[in-house]
Structure formats: structure tokens, C-alpha cells
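Engineer: Below is the file query-v7.cif, with mmCIF, C-alpha atoms.
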data_entry
loop_
_atom_site.label_atom_id
_atom_site.label_comp_id
_atom_site.auth_asym_id
_atom_site.auth_seq_id
_atom_site.Cartn_x
_atom_site.Cartn_y
_atom_site.Cartn_z
CA MET A 1 19.60 36.11 -23.70
CA GLN A 2 16.26 35.81 -25.46
CA LYS A 3 13.45 34.15 -23.52
CA HIS A 4 10.22 32.52 -24.63
CA THR A 5 7.17 31.64 -22.56
CA ASP A 6 5.61 28.28 -23.24
CA ASP A 7 3.35 25.79 -21.49
CA ASP A 8 5.08 23.05 -19.54
CA GLU A 9 3.90 19.43 -19.44
CA THR A 10 1.82 20.05 -16.34
CA GLY A 11 -0.38 22.54 -18.16
CA GLY A 12 1.13 25.59 -16.44
CA SER A 13 3.28 28.39 -17.80
CA SER A 14 7.07 28.25 -17.74
CA THR A 15 9.99 30.30 -18.99
CA VAL A 16 12.25 28.59 -21.52
CA THR A 17 15.64 29.91 -22.63
CA THR A 18 16.97 29.70 -26.19
CA GLU A 19 19.67 27.33 -24.91
CA ALA A 20 16.96 25.03 -23.57
CA ILE A 21 15.14 25.15 -26.89
CA MET A 22 18.33 24.34 -28.77
CA ALA A 23 18.84 21.41 -26.41
CA SER A 24 15.34 20.07 -26.91
CA PRO A 25 16.35 17.24 -29.34
CA ASP A 26 18.54 15.79 -26.62
CA GLU A 27 15.72 16.23 -24.12
CA ASP A 28 13.40 14.41 -26.49
CA ARG A 29 15.87 11.55 -26.78
CA ARG A 30 16.20 11.31 -22.99
CA SER A 31 12.42 11.52 -22.64
CA SER A 32 12.00 8.65 -25.08
CA LEU A 33 13.97 6.45 -22.70
CA LYS A 34 11.31 6.88 -20.03
CA PRO A 35 8.68 4.14 -20.06
CA SER A 36 4.93 4.42 -20.32
CA VAL A 37 3.34 3.03 -17.15
CA LEU A 38 -0.03 1.43 -16.49
CA ILE A 39 -1.00 1.24 -12.81
CA LEU A 40 -3.83 -1.17 -12.04
CA GLY A 41 -5.65 -0.31 -8.83
CA GLY A 42 -3.90 3.05 -8.77
CA CYS A 43 -6.40 4.85 -6.55
CA GLY A 44 -5.68 2.63 -3.56
CA PHE A 45 -3.26 3.36 -0.72
CA ILE A 46 -0.10 2.11 -2.44
CA GLY A 47 -1.29 3.16 -5.89
CA ARG A 48 -1.83 6.83 -5.06
CA ASN A 49 1.64 7.04 -3.53
CA PHE A 50 3.18 5.32 -6.55
CA VAL A 51 1.40 7.71 -8.91
CA HIS A 52 2.71 10.65 -6.86
CA HIS A 53 6.23 9.20 -6.92
CA LEU A 54 6.23 8.86 -10.71
CA VAL A 55 4.69 12.28 -11.35
CA SER A 56 6.78 14.26 -8.86
CA ASN A 57 10.00 12.73 -10.19
CA ASN A 58 8.97 12.87 -13.87
CA LEU A 59 9.79 9.20 -14.38
CA ALA A 60 7.37 8.21 -17.15
CA THR A 61 6.36 9.45 -20.58
CA LYS A 62 2.75 8.51 -19.87
CA ILE A 63 0.90 7.26 -16.82
CA ARG A 64 -2.51 5.63 -16.95
CA VAL A 65 -4.37 4.67 -13.79
CA ALA A 66 -7.12 2.05 -13.90
CA ASP A 67 -9.45 1.58 -10.95
CA LYS A 68 -13.13 0.98 -10.28
CA THR A 69 -13.00 3.83 -7.73
CA PRO A 70 -12.61 7.26 -9.37
CA PRO A 71 -10.06 9.71 -7.91
CA GLN A 72 -12.88 12.10 -6.96
CA THR A 73 -14.24 9.63 -4.40
CA ALA A 74 -10.96 8.03 -3.28
CA TRP A 75 -10.22 10.44 -0.38
CA LEU A 76 -7.01 11.76 -1.96
CA ASN A 77 -5.07 14.45 -0.12
CA LYS A 78 -3.99 17.70 -1.80
CA LEU A 79 -0.64 16.45 -3.10
CA HIS A 80 -2.13 13.26 -4.48
CA LYS A 81 -4.94 15.20 -6.18
CA GLU A 82 -2.33 17.38 -7.88
CA SER A 83 -0.51 14.30 -9.15
CA PHE A 84 -3.68 12.63 -10.39
CA ALA A 85 -4.50 15.79 -12.37
CA LYS A 86 -1.42 14.98 -14.49
CA VAL A 87 -2.24 11.35 -15.34
CA GLU A 88 -4.87 9.60 -17.40
CA PHE A 89 -7.59 7.78 -15.45
CA VAL A 90 -9.73 4.94 -16.79
CA SER A 91 -12.65 3.59 -14.81
CA ALA A 92 -12.68 -0.18 -15.03
CA ASN A 93 -13.75 -3.37 -13.29
CA LEU A 94 -10.74 -5.56 -13.99
CA ILE A 95 -12.63 -8.75 -13.23
CA ASN A 96 -14.17 -8.33 -16.71
CA THR A 97 -11.93 -9.25 -19.64
CA GLY A 98 -13.48 -6.57 -21.82
CA SER A 99 -12.52 -3.89 -19.32
CA VAL A 100 -9.00 -5.30 -19.06
CA SER A 101 -8.53 -5.13 -22.84
CA LYS A 102 -9.77 -1.50 -22.90
CA VAL A 103 -7.44 -0.50 -20.06
CA PHE A 104 -4.36 -1.98 -21.74
CA ASP A 105 -5.01 -0.47 -25.16
CA ASP A 106 -3.04 2.71 -25.84
CA ASN A 107 -4.12 3.64 -29.38
CA GLY A 108 -2.76 0.38 -30.66
CA SER A 109 0.46 0.59 -28.65
CA SER A 110 1.43 -1.29 -25.49
CA PHE A 111 2.47 0.09 -22.11
CA ASP A 112 6.09 -0.61 -21.24
CA VAL A 113 5.48 -1.22 -17.54
CA VAL A 114 2.40 -2.64 -15.83
CA VAL A 115 2.13 -2.57 -12.03
CA ASN A 116 -0.71 -4.64 -10.59
CA LEU A 117 -2.00 -3.22 -7.32
CA ALA A 118 -5.61 -4.17 -8.05
CA ALA A 119 -7.17 -6.73 -5.74
CA GLN A 120 -9.86 -7.28 -3.14
CA THR A 121 -7.96 -6.08 -0.07
CA LYS A 122 -10.74 -6.16 2.51
CA TYR A 123 -10.12 -8.74 5.24
CA GLY A 124 -12.68 -11.39 6.18
CA CYS A 125 -14.26 -11.94 2.75
CA THR A 126 -15.41 -15.33 1.45
CA ASP A 127 -13.27 -17.56 -0.74
CA GLU A 128 -15.55 -16.78 -3.69
CA VAL A 129 -14.91 -13.05 -3.31
CA TYR A 130 -11.14 -13.52 -3.08
CA LYS A 131 -11.04 -15.99 -5.94
CA GLU A 132 -12.72 -13.48 -8.22
CA GLY A 133 -11.22 -10.27 -6.80
CA VAL A 134 -7.64 -11.51 -6.47
CA LEU A 135 -7.00 -14.61 -8.59
CA THR A 136 -9.33 -14.11 -11.57
CA LEU A 137 -8.64 -10.38 -11.77
CA SER A 138 -4.87 -10.81 -11.64
CA LEU A 139 -4.87 -13.65 -14.17
CA HIS A 140 -6.81 -11.54 -16.66
CA CYS A 141 -4.37 -8.67 -16.24
CA ALA A 142 -1.23 -10.82 -16.44
CA LYS A 143 -2.42 -12.63 -19.58
CA GLU A 144 -3.26 -9.32 -21.25
CA ALA A 145 0.18 -7.97 -20.36
CA ALA A 146 1.79 -11.01 -21.99
CA ARG A 147 -0.45 -10.72 -25.05
CA ARG A 148 0.57 -7.10 -25.51
CA ASN A 149 4.26 -7.79 -24.88
CA ALA A 150 4.64 -5.54 -21.85
CA LYS A 151 8.33 -5.20 -21.04
CA LYS A 152 7.79 -5.41 -17.26
CA TYR A 153 4.87 -6.76 -15.23
CA ILE A 154 4.99 -6.23 -11.46
CA GLU A 155 2.69 -8.29 -9.25
CA VAL A 156 2.43 -6.81 -5.75
CA SER A 157 1.69 -9.69 -3.37
CA THR A 158 2.06 -9.83 0.43
CA GLY A 159 4.45 -11.13 3.09
CA GLN A 160 1.47 -12.92 4.64
CA VAL A 161 2.10 -15.80 2.22
CA TYR A 162 4.99 -17.05 4.38
CA THR A 163 4.79 -19.57 7.17
CA ALA A 164 4.39 -17.53 10.36
CA ASP A 165 7.70 -18.62 11.92
CA LYS A 166 9.92 -16.94 14.50
CA LYS A 167 12.69 -17.15 11.90
CA ALA A 168 12.91 -14.41 9.26
CA SER A 169 11.46 -15.51 5.89
CA HIS A 170 13.53 -14.97 2.79
CA GLU A 171 12.18 -15.30 -0.74
CA ASP A 172 12.48 -19.10 -0.99
CA SER A 173 11.24 -19.83 2.55
CA LYS A 174 8.23 -22.09 3.11
CA THR A 175 4.82 -20.61 2.36
CA SER A 176 1.64 -21.14 4.34
CA PRO A 177 -0.68 -18.15 3.81
CA TRP A 178 -2.60 -17.17 6.93
CA THR A 179 -5.10 -14.63 5.55
CA GLY A 180 -7.69 -15.03 2.81
CA ILE A 181 -5.97 -12.39 0.71
CA ALA A 182 -2.60 -14.14 1.02
CA LYS A 183 -4.10 -17.50 0.07
CA TYR A 184 -5.14 -16.20 -3.35
CA LYS A 185 -2.10 -13.96 -3.77
CA LEU A 186 0.04 -17.08 -3.50
CA GLN A 187 -2.12 -18.82 -6.11
CA ILE A 188 -1.59 -16.01 -8.59
CA GLU A 189 2.14 -16.09 -7.83
CA GLU A 190 2.13 -19.77 -8.80
CA GLU A 191 0.23 -19.06 -12.02
CA LEU A 192 2.48 -16.32 -13.38
CA PRO A 193 5.35 -18.61 -14.49
CA ARG A 194 2.84 -20.58 -16.58
CA ILE A 195 1.87 -17.55 -18.68
CA GLU A 196 3.95 -17.69 -21.85
CA GLY A 197 5.80 -14.50 -22.68
CA LEU A 198 5.12 -12.73 -19.38
CA ASN A 199 8.10 -10.71 -18.13
CA TYR A 200 7.13 -10.58 -14.49
CA MET A 201 8.47 -9.90 -11.01
CA ILE A 202 6.73 -10.53 -7.69
CA ILE A 203 6.98 -8.15 -4.75
CA ARG A 204 6.09 -9.18 -1.21
CA PRO A 205 5.84 -6.20 1.15
CA ALA A 206 5.63 -6.30 4.93
CA ILE A 207 2.89 -4.23 6.68
CA VAL A 208 2.71 -1.04 4.63
CA TYR A 209 2.16 2.25 6.45
CA GLY A 210 2.39 5.94 5.60
CA ILE A 211 0.21 8.71 4.18
CA GLY A 212 -3.11 7.21 3.09
CA ASP A 213 -2.87 4.01 5.15
CA ARG A 214 -6.23 2.77 6.44
CA THR A 215 -5.73 -0.92 7.24
CA GLY A 216 -2.06 -1.42 8.14
CA VAL A 217 -1.06 0.62 11.18
CA MET A 218 -3.83 3.24 11.12
CA PRO A 219 -6.50 1.16 12.95
CA ARG A 220 -4.05 0.73 15.84
CA LEU A 221 -3.58 4.49 16.02
CA ILE A 222 -7.33 4.99 16.02
CA THR A 223 -7.75 2.36 18.74
CA ALA A 224 -5.14 4.12 20.88
CA ALA A 225 -7.01 7.40 20.40
CA VAL A 226 -10.18 5.67 21.60
CA TYR A 227 -8.46 4.39 24.75
CA ARG A 228 -7.19 7.90 25.40
CA GLN A 229 -10.79 9.09 25.27
CA LEU A 230 -11.93 6.21 27.51
CA GLN A 231 -9.03 6.93 29.89
CA GLU A 232 -8.24 3.23 29.97
CA LYS A 233 -5.14 1.10 29.54
CA MET A 234 -4.98 -0.58 26.12
CA LYS A 235 -4.65 -4.37 26.49
CA LEU A 236 -3.38 -6.60 23.71
CA LEU A 237 -3.51 -10.30 22.92
CA TRP A 238 -0.39 -12.47 22.81
CA THR A 239 3.01 -10.98 23.62
CA PRO A 240 5.18 -7.98 22.76
CA GLU A 241 7.55 -10.31 20.86
CA LEU A 242 5.00 -10.98 18.10
CA LYS A 243 6.70 -9.95 14.85
CA MET A 244 4.87 -7.29 12.82
CA ASN A 245 7.48 -6.18 10.28
CA THR A 246 6.80 -2.93 8.41
CA ILE A 247 7.69 -0.87 5.33
CA HIS A 248 6.93 2.79 4.67
CA VAL A 249 4.87 3.30 1.51
CA GLU A 250 7.39 5.77 0.10
CA ASP A 251 10.16 3.19 0.36
CA LEU A 252 7.85 0.59 -1.18
CA CYS A 253 7.28 2.90 -4.16
CA LEU A 254 11.01 3.56 -4.46
CA ALA A 255 11.68 -0.18 -4.35
CA VAL A 256 9.10 -0.96 -7.04
CA TRP A 257 10.66 1.57 -9.40
CA HIS A 258 14.16 0.37 -8.53
CA LEU A 259 13.21 -3.23 -9.35
CA ILE A 260 11.60 -2.20 -12.62
CA GLN A 261 15.09 -1.02 -13.59
CA TYR A 262 17.34 -3.53 -11.81
CA GLY A 263 15.27 -6.53 -10.74
CA GLU A 264 15.54 -9.93 -12.41
CA GLN A 265 12.71 -11.37 -14.45
CA GLY A 266 10.79 -14.14 -12.70
CA HIS A 267 12.20 -13.32 -9.28
CA VAL A 268 10.47 -12.62 -5.97
CA TYR A 269 11.58 -9.74 -3.74
CA ASN A 270 10.72 -9.03 -0.11
CA ILE A 271 10.35 -5.36 0.81
CA VAL A 272 10.78 -4.69 4.52
CA ASP A 273 12.46 -2.01 6.63
CA LYS A 274 15.18 -2.35 9.28
CA SER A 275 12.89 -1.80 12.28
CA ASP A 276 12.32 -5.49 13.00
CA THR A 277 8.95 -4.19 14.19
CA THR A 278 7.12 -6.21 16.82
CA GLN A 279 3.74 -5.78 18.45
CA GLY A 280 5.59 -4.42 21.46
CA SER A 281 7.66 -1.82 19.60
CA MET A 282 4.65 -0.65 17.61
CA ALA A 283 2.50 -0.42 20.74
CA GLU A 284 5.20 1.64 22.48
CA LEU A 285 5.19 4.22 19.69
CA VAL A 286 1.40 4.35 19.36
CA CYS A 287 0.86 4.70 23.11
CA ARG A 288 3.55 7.35 23.42
CA ILE A 289 1.76 9.46 20.80
CA PHE A 290 -1.51 9.33 22.75
CA ASP A 291 0.06 9.31 26.21
CA ILE A 292 -1.63 6.08 27.29
CA LYS A 293 -0.38 2.84 28.82
CA HIS A 294 -0.71 -0.68 27.44
CA ASP A 295 -0.44 -4.24 28.69
CA TYR A 296 -0.97 -7.81 27.48
CA PHE A 297 -3.60 -10.38 28.40
CA GLY A 298 -0.95 -13.07 28.61
CA THR A 299 -0.65 -16.52 27.09
CA VAL A 300 -3.42 -18.26 29.05
CA ILE A 301 -6.15 -15.72 28.31
CA SER A 302 -4.91 -15.24 24.74
CA ASN A 303 -5.04 -18.98 24.08
CA PHE A 304 -8.54 -19.08 25.54
CA ALA A 305 -9.50 -16.20 23.23
CA ARG A 306 -8.18 -18.21 20.28
CA LEU A 307 -10.99 -20.74 20.87
CA ASN A 308 -13.63 -18.05 20.44
CA MET A 309 -11.75 -15.47 18.41
CA ALA A 310 -14.67 -14.12 16.42
CA GLU A 311 -16.75 -13.26 19.48
CA ILE A 312 -13.79 -11.72 21.34
CA VAL A 313 -12.87 -9.57 18.34
CA ASP A 314 -16.49 -8.49 17.80
CA ASP A 315 -16.80 -7.43 21.43
CA SER A 316 -13.55 -5.50 21.21
CA ASN A 317 -14.52 -3.73 17.99
CA ASP A 318 -17.93 -2.83 19.46
CA LYS A 319 -16.16 -1.25 22.42
CA HIS A 320 -14.03 0.88 20.10
CA PHE A 321 -16.76 1.92 17.67
CA GLU A 322 -18.99 3.81 20.10
CA PRO A 323 -16.41 6.36 21.36
CA TRP A 324 -14.96 6.70 17.83
CA THR A 325 -18.41 7.50 16.44
CA GLU A 326 -19.05 9.94 19.28
CA ALA A 327 -15.81 11.79 18.54
CA CYS A 328 -16.61 11.96 14.82
CA ASN A 329 -20.09 13.35 15.55
CA ARG A 330 -18.73 15.82 18.09
CA ASP A 331 -16.23 17.18 15.56
CA GLY A 332 -18.72 17.26 12.69
CA LEU A 333 -17.17 14.44 10.65
CA GLN A 334 -20.10 13.10 8.67
CA TYR A 335 -18.02 10.89 6.41
CA THR A 336 -14.63 9.28 6.89
CA PRO A 337 -13.01 6.13 5.46
CA LEU A 338 -11.23 5.56 8.78
CA SER A 339 -12.32 2.97 11.30
CA PRO A 340 -10.97 1.38 14.49
CA TYR A 341 -12.12 -2.01 13.19
CA LEU A 342 -9.52 -4.78 13.27
CA HIS A 343 -10.47 -8.06 11.64
CA GLN A 344 -9.54 -11.23 13.49
CA GLU A 345 -7.14 -12.23 10.68
CA LEU A 346 -4.93 -9.35 11.78
CA LEU A 347 -5.06 -10.42 15.43
CA TYR A 348 -3.85 -13.99 15.02
CA ASN A 349 -0.73 -15.14 16.80
CA LYS A 350 1.13 -15.14 13.49
CA HIS A 351 4.59 -13.71 12.98
CA LEU A 352 5.21 -11.48 9.97
CA TYR A 353 8.98 -11.67 9.98
CA MET A 354 10.83 -10.99 6.74
CA ASP A 355 14.38 -10.82 5.41
CA GLY A 356 15.07 -8.00 2.92
CA GLN A 357 18.69 -8.78 2.01
CA LYS A 358 17.92 -9.87 -1.56
CA LEU A 359 16.61 -6.40 -2.42
CA GLU A 360 19.71 -4.84 -0.87
CA THR A 361 21.96 -6.85 -3.20
CA THR A 362 20.42 -4.97 -6.15
CA GLY A 363 21.74 -1.70 -4.72
CA PHE A 364 18.53 -0.46 -3.13
CA GLN A 365 18.74 1.72 -0.02
CA LEU A 366 15.87 2.54 2.32
CA THR A 367 15.08 6.19 3.05
CA LYS A 368 12.91 5.38 6.08
CA PRO A 369 14.57 2.34 7.63
CA GLN A 370 12.90 2.74 11.03
CA LEU A 371 9.27 2.97 12.09
CA THR A 372 9.20 6.20 14.12
CA GLU A 373 6.80 8.29 16.14
CA GLU A 374 7.28 11.16 13.69
CA LEU A 375 6.22 9.04 10.69
CA LEU A 376 3.11 7.86 12.54
CA ARG A 377 2.23 11.44 13.49
CA GLN A 378 2.50 12.43 9.83
CA MET A 379 -0.25 9.94 9.02
CA LEU A 380 -2.50 11.36 11.72
CA ASP A 381 -1.81 14.97 10.79
CA ASP A 382 -2.60 14.29 7.14
CA TYR A 383 -6.01 12.84 7.99
CA VAL A 384 -6.72 15.68 10.44
CA SER A 385 -5.89 18.26 7.75
CA MET A 386 -8.33 16.50 5.39
CA GLY A 387 -11.08 16.57 8.01
CA LEU A 388 -11.19 12.78 8.23
CA PHE A 389 -9.80 12.29 11.77
CA PRO A 390 -11.45 14.03 14.77
CA LYS A 391 -9.35 16.97 15.93
CA SER A 392 -10.45 16.30 19.50
CA LEU A 393 -8.63 12.95 19.39
CA ALA A 394 -5.53 14.18 17.57
CA PRO A 395 -2.57 14.50 19.98
CA SER A 396 -0.84 17.27 18.03
CA LEU A 397 -3.93 19.47 18.03
CA ARG A 398 -5.50 18.68 21.41
#
Translate this file's structure into C-alpha cells.
Structural biologist:
Amino acid sequence: MQKHTDDDETGGSSTVTTEAIMASPDEDRRSSLKPSVLILGGCGFIGRNFVHHLVSNNLATKIRVADKTPPQTAWLNKLHKESFAKVEFVSANLINTGSVSKVFDDNGSSFDVVVNLAAQTKYGCTDEVYKEGVLTLSLHCAKEAARRNAKKYIEVSTGQVYTADKKASHEDSKTSPWTGIAKYKLQIEEELPRIEGLNYMIIRPAIVYGIGDRTGVMPRLITAAVYRQLQEKMKLLWTPELKMNTIHVEDLCLAVWHLIQYGEQGHVYNIVDKSDTTQGSMAELVCRIFDIKHDYFGTVISNFARLNMAEIVDDSNDKHFEPWTEACNRDGLQYTPLSPYLHQELLYNKHLYMDGQKLETTGFQLTKPQLTEELLRQMLDDYVSMGLFPKSLAPSLR
């Protein structure tokens, strides 16, 4: 059998047989069925994992990532860096219409699939910041997608848009957003049906965790590490029954791609795992990892704290910051994106309780249905390996 050496699509060298060469027209035809994908906000937590999912599974003919943060300063791990080396990156501030037009233009062609992960995701911002960074940005992107006849436009929203009931929210349940981000995410959801020619779907994930998480579960892990260092019991507001439903980022990425193929235009889909995660179940896992105990302040003290939430949260965050900073200095961590800071919006007595049956009816199956100690340890170990989490606080390396 004669063999030829040629460069593969990743820029490396590969060995190709004559049979493979003869089959290349069929390969080209199959390749042409793969879409071109534009990922807005692709350097963020979900975005980097989605990029890695597409690249590692060879799912797209072309991938372009648009973000105002370049990959070089986005704290990517080794695997994510390797994936980003195989995609096109465009630096852009998507609040500006000129930047949006540049990002969408592909030498006169249009991208088949557009996934919008771009938004102001920091908690505790002003309405003006959210209006511009969530609503205005997303409207510009959605209108441009419609103008360029994108085949699929995916708007990634949040489960925080639902009324915080003790009953699981399905896609047509009542909405009453309880964070600033959710308030403006819901507004953009309401605007999308008014954009003529937009082939959209809306995705509402639960709390997303996994490799690269900084604001979902990770601050609770950092806080537990701090209490281990303080040799104190970790005390929590409210009760262990408070619903804090979750979804692993890898399953979220799988679900997004699944819905691009099988979801219905104009529909909303919840994405949530089977854990039925509560504050209590999450605290049990986190405290087991760090070998600490936890307790709850109880209803009376928690309700009193509600009256002066900002001051209580500030005092708590101040308590956590000092030992965290000491550990970082002790281990020589000059820079890290990680923080024990928890904004008061994430400490409200609000249930995030979601029903994921609609997604299941499309044939989707979770690969990580349960929040586990192992999955949380993977997050910690990844940050330790990158030199972003103090080794002296890491349970697996202590």
C-alpha cells in the first residue's frame, strides 16, 4: 500500500493512505454538511468549553470566536489553548454596531450558526451597565444574524429569569428575574420574536460548573478552603432545602450542539442535571472535600440579615478575603482570576429549581447527571495545575 505524508487540518503532519485519498470526494461532501460557527463571547467560561467541544469533535467547517478579551489573557488551560490555536479569533466590543458587522462578515458569506454567550456577567452592576452589556449588545447581534440570514441563532440566557418558587420551573412557567443579569436577559428574550427573519432558540441553564468556572460553584469551594485554613465551621444563611440546581459545562455544550441540530425554532429550553442540587447537598460535597463542618444560621437570624444584606455580605467577604490573600502570597500566586467573593444576589433566599424534561423529549442524554465530589475536585485540580489556586489550600495536594 502506497502512503503519502500530508499536513492535517490542525497544522501537524499525518499519514494518508491511497484509499483515503481516493475517498476524499466523499469526505469533502461530508465536510460540507458541517456548519460554520460564530461564537460570541467565546473566551468566557462556557465559550471556551464550547470551542473545545467543537474542535475536539471536528464538528464545524470553520469556527470564529469574537470577544473583547483575547485568548492570551483569558486564563485558558492547556487543552483550551490547544483548541483556540485551531480557530479564528476576532477582538471586538459587541456593544458597537460597527464591531458587530465586522465580526459577522466572512468574506461576504454568512455563518451558519451563531451562539451568543457575550454579556456582562458580573453580579451587582448598575441597570445602565446591564442595559448596555446585555440588552443592547444582544439586540445588535441578533439583528445582524437576521440580516445575514444565519440558519441558527442561539441565545444563552439564565434560569434566574424564573419566579423563585419551591415548584420546579418548566419553560412556560412564570418569570420574575431576581438578579440584574436575569432582568435584562429576559428583556432580550422578549425582543427576539420581534426580529423579522431571526431563526432563534433560547437556552436557560441552571448554575453552570466545571473546568473554568469562577462564579458558579467555585467561590463556594474557595470559601470552604478558607474555613479549613481558619479551622472554623462554615455557617450558611437560610436552610439546606434552598434549591440551587446545577448543570456541568460539558453537558451544557453537548446540549447546545444537540439543540442546534434537533431543537425547534422559537422555542425555549431549560438545561439542568438530575442532581436536584440544594444548598445542603452542595455544602455536603464542598465540606467533605475540605474536611470541614458546616451549619446554618437559621430562619430568624437569616431573616434579620435580609434587612441589612449588603452589610452582612460585605463583612462575610472581608472575613474570607484576608486568609485567601495570605494563602496566595504564601504560595507565590501574584495573579489569579479566582476570588472567594460572593455577591449578595447569589445569597438571596431564592430557589433555582428547574425542570429539564422538554430537552429530554428531543433525545438528549446527560453525561454528568449528578453533581459529584470528583467533578468538583477536577475544577480545583485544574486551577492548581495552572498555578491559580494555592497548593497549600488544595485538599488533593496538601
Engineer: Do you know which residues are at most 8 Å from stretch 82-95 of chain A counting only C-alpha atoms, after dropping those on the same chain fewer than 6 positions away, and could you put them as number ranges by chain?
Structural biologist: A: 10, 51-52, 55-56, 62-71, 103, 118, 132-133, 136-137, 140-141
Engineer: Stretch 128-217 of chain A near stretch 271-275 of chain A within 8 Å: what's each residue's closest atom pair and its distance in Å to one decimal, counting all atoms listed in the file, ordered by chain then ascending residue number, as CSV?
Structural biologist:
residue,atom,partner,partner_atom,distance
A:Ile203,CA,A:Ile271,CA,7.1
A:Arg204,CA,A:Ile271,CA,6.1
A:Pro205,CA,A:Ile271,CA,4.6
A:Ala206,CA,A:Val272,CA,5.4
Engineer: Take the residues that were just selected and, keeping C-alpha atoms, output them as a tab-separated table (two decimals), in the coordinates of the input.
Structural biologist:
chain	number	residue	atom	x	y	z
A	203	ILE	CA	6.98	-8.15	-4.75
A	204	ARG	CA	6.09	-9.18	-1.21
A	205	PRO	CA	5.84	-6.20	1.15
A	206	ALA	CA	5.63	-6.30	4.93
Engineer: Please write as a PyMOL selection string the full residue list that the PyMOL selection byres ((chain A and resi 228) around 10) yields on this file.
Structural biologist: chain A and resi 222-227+229-234+287+290-293+393+395
Engineer: Take the selection from the previous step and output its residues with C-alpha atoms, as a PDB file, keeping the file's coordinate frame.
Structural biologist:
ATOM      1  CA  ILE A 222      -7.330   4.990  16.020  1.00  0.00           C
ATOM      2  CA  THR A 223      -7.750   2.360  18.740  1.00  0.00           C
ATOM      3  CA  ALA A 224      -5.140   4.120  20.880  1.00  0.00           C
ATOM      4  CA  ALA A 225      -7.010   7.400  20.400  1.00  0.00           C
ATOM      5  CA  VAL A 226     -10.180   5.670  21.600  1.00  0.00           C
ATOM      6  CA  TYR A 227      -8.460   4.390  24.750  1.00  0.00           C
ATOM      7  CA  GLN A 229     -10.790   9.090  25.270  1.00  0.00           C
ATOM      8  CA  LEU A 230     -11.930   6.210  27.510  1.00  0.00           C
ATOM      9  CA  GLN A 231      -9.030   6.930  29.890  1.00  0.00           C
ATOM     10  CA  GLU A 232      -8.240   3.230  29.970  1.00  0.00           C
ATOM     11  CA  LYS A 233      -5.140   1.100  29.540  1.00  0.00           C
ATOM     12  CA  MET A 234      -4.980  -0.580  26.120  1.00  0.00           C
ATOM     13  CA  CYS A 287       0.860   4.700  23.110  1.00  0.00           C
ATOM     14  CA  PHE A 290      -1.510   9.330  22.750  1.00  0.00           C
ATOM     15  CA  ASP A 291       0.060   9.310  26.210  1.00  0.00           C
ATOM     16  CA  ILE A 292      -1.630   6.080  27.290  1.00  0.00           C
ATOM     17  CA  LYS A 293      -0.380   2.840  28.820  1.00  0.00           C
ATOM     18  CA  LEU A 393      -8.630  12.950  19.390  1.00  0.00           C
ATOM     19  CA  PRO A 395      -2.570  14.500  19.980  1.00  0.00           C
TER      20      PRO A 395
END
Engineer: For this file, the PyMOL selection byres ((chain A and resi 162) around 7) selects which residues, as JSON, numbers by chain?
Structural biologist: {"A": [159, 160, 161, 163, 164, 169, 174, 175, 176, 177]}
Engineer: Just checking: using only C-alpha atoms, which residue out of A:Thr336, A:Asn77, A:Asn149, A:Thr97 ends up closest to A:Phe111?
Structural biologist: A:Asn149
Engineer: Since I can't run it myself right now, could you work out what the PyMOL selection byres ((chain A and resi 157) around 7) selects here and report it as JSON, numbers by chain?
Structural biologist: {"A": [155, 156, 158, 185, 202, 203, 204]}
Engineer: May I have the residues from that selection written out with C-alpha atoms, as a compact mmCIF listing (two decimals), keeping the file's coordinate frame?
Structural biologist:
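Output saved as selection05.txt:
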# COMPACT_ATOMS: atom_id res chain seq x y z
CA GLU A 155 2.69 -8.29 -9.25
CA VAL A 156 2.43 -6.81 -5.75
CA THR A 158 2.06 -9.83 0.43
CA LYS A 185 -2.10 -13.96 -3.77
CA ILE A 202 6.73 -10.53 -7.69
CA ILE A 203 6.98 -8.15 -4.75
CA ARG A 204 6.09 -9.18 -1.21
Engineer: Between A:Tyr184, A:Phe50, A:Trp75, A:Tyr200, which one has atoms that come closest to A:Asp382, using all atoms listed in the file?
Structural biologist: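 Counting all atoms listed in the file, the residue closest to A:Asp382 is A:Trp75.
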Engineer: Record the distance separating atom CA of A:His267 and atom CA of A:Leu40, expressed in Å with one decimal.
Structural biologist: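 Spanning atom CA of A:His267 to atom CA of A:Leu40 is a straight-line distance of 20.3 Å.
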Engineer: For the atom pair atom CA of A:Gln279 and atom CA of A:Asn317, what is the interatomic distance in Å to one decimal place?
Structural biologist: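 For atom CA of A:Gln279 relative to atom CA of A:Asn317, the distance reads 18.4 Å.
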Engineer: So what do you get for atom CA of A:Asn308 versus atom CA of A:Leu342, distance-wise?
Structural biologist: 15.6 Å
Engineer: Calculated over only C-alpha atoms, which of the candidates A:Ile207, A:Met354, A:Thr372, A:Lys235 has the smallest distance to A:Arg288?
Structural biologist: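 Smallest separation from A:Arg288 among the options: A:Thr372.
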Engineer: Using only C-alpha atoms, find the one residue out of A:Lys391, A:Lys81, A:Lys166, A:Lys183 that sits nearest to A:Leu135.
Structural biologist: A:Lys183
Engineer: Pick from A:Ile188, A:Ile247, A:Val217, A:Leu54: nearest to A:Arg377, with all atoms listed in the file counted?
Structural biologist: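 Of the candidates, the smallest distance to A:Arg377 is held by A:Val217.
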Engineer: For A:Ser385, list every protein, DNA or RNA residue within 12 Å, evaluated using all atoms listed in the file, and leave out those in the same chain fewer than 3 positions away; present the list as a VMD selection string.
Structural biologist: chain A and resid 76 to 78 211 378 to 382 388 to 391 394 396 to 397
Engineer: Kindly indicate which residue among A:Ile260, A:Leu221, A:Val115, A:Val313 lies nearest to A:Leu338, using all atoms listed in the file for the distances.
Structural biologist: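 Closest to A:Leu338, using all atoms listed in the file: A:Leu221.
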Engineer: Find the spatial neighbours of stretch 355-360 of chain A, counting all atoms listed in the file, within a cut-off of 9 Å - ignore same-chain residues fewer than 2 positions away - and output them as an NGL selection string.
Structural biologist: :A and (168-171 or 255 or 259 or 263 or 269-274 or 353 or 362-366)
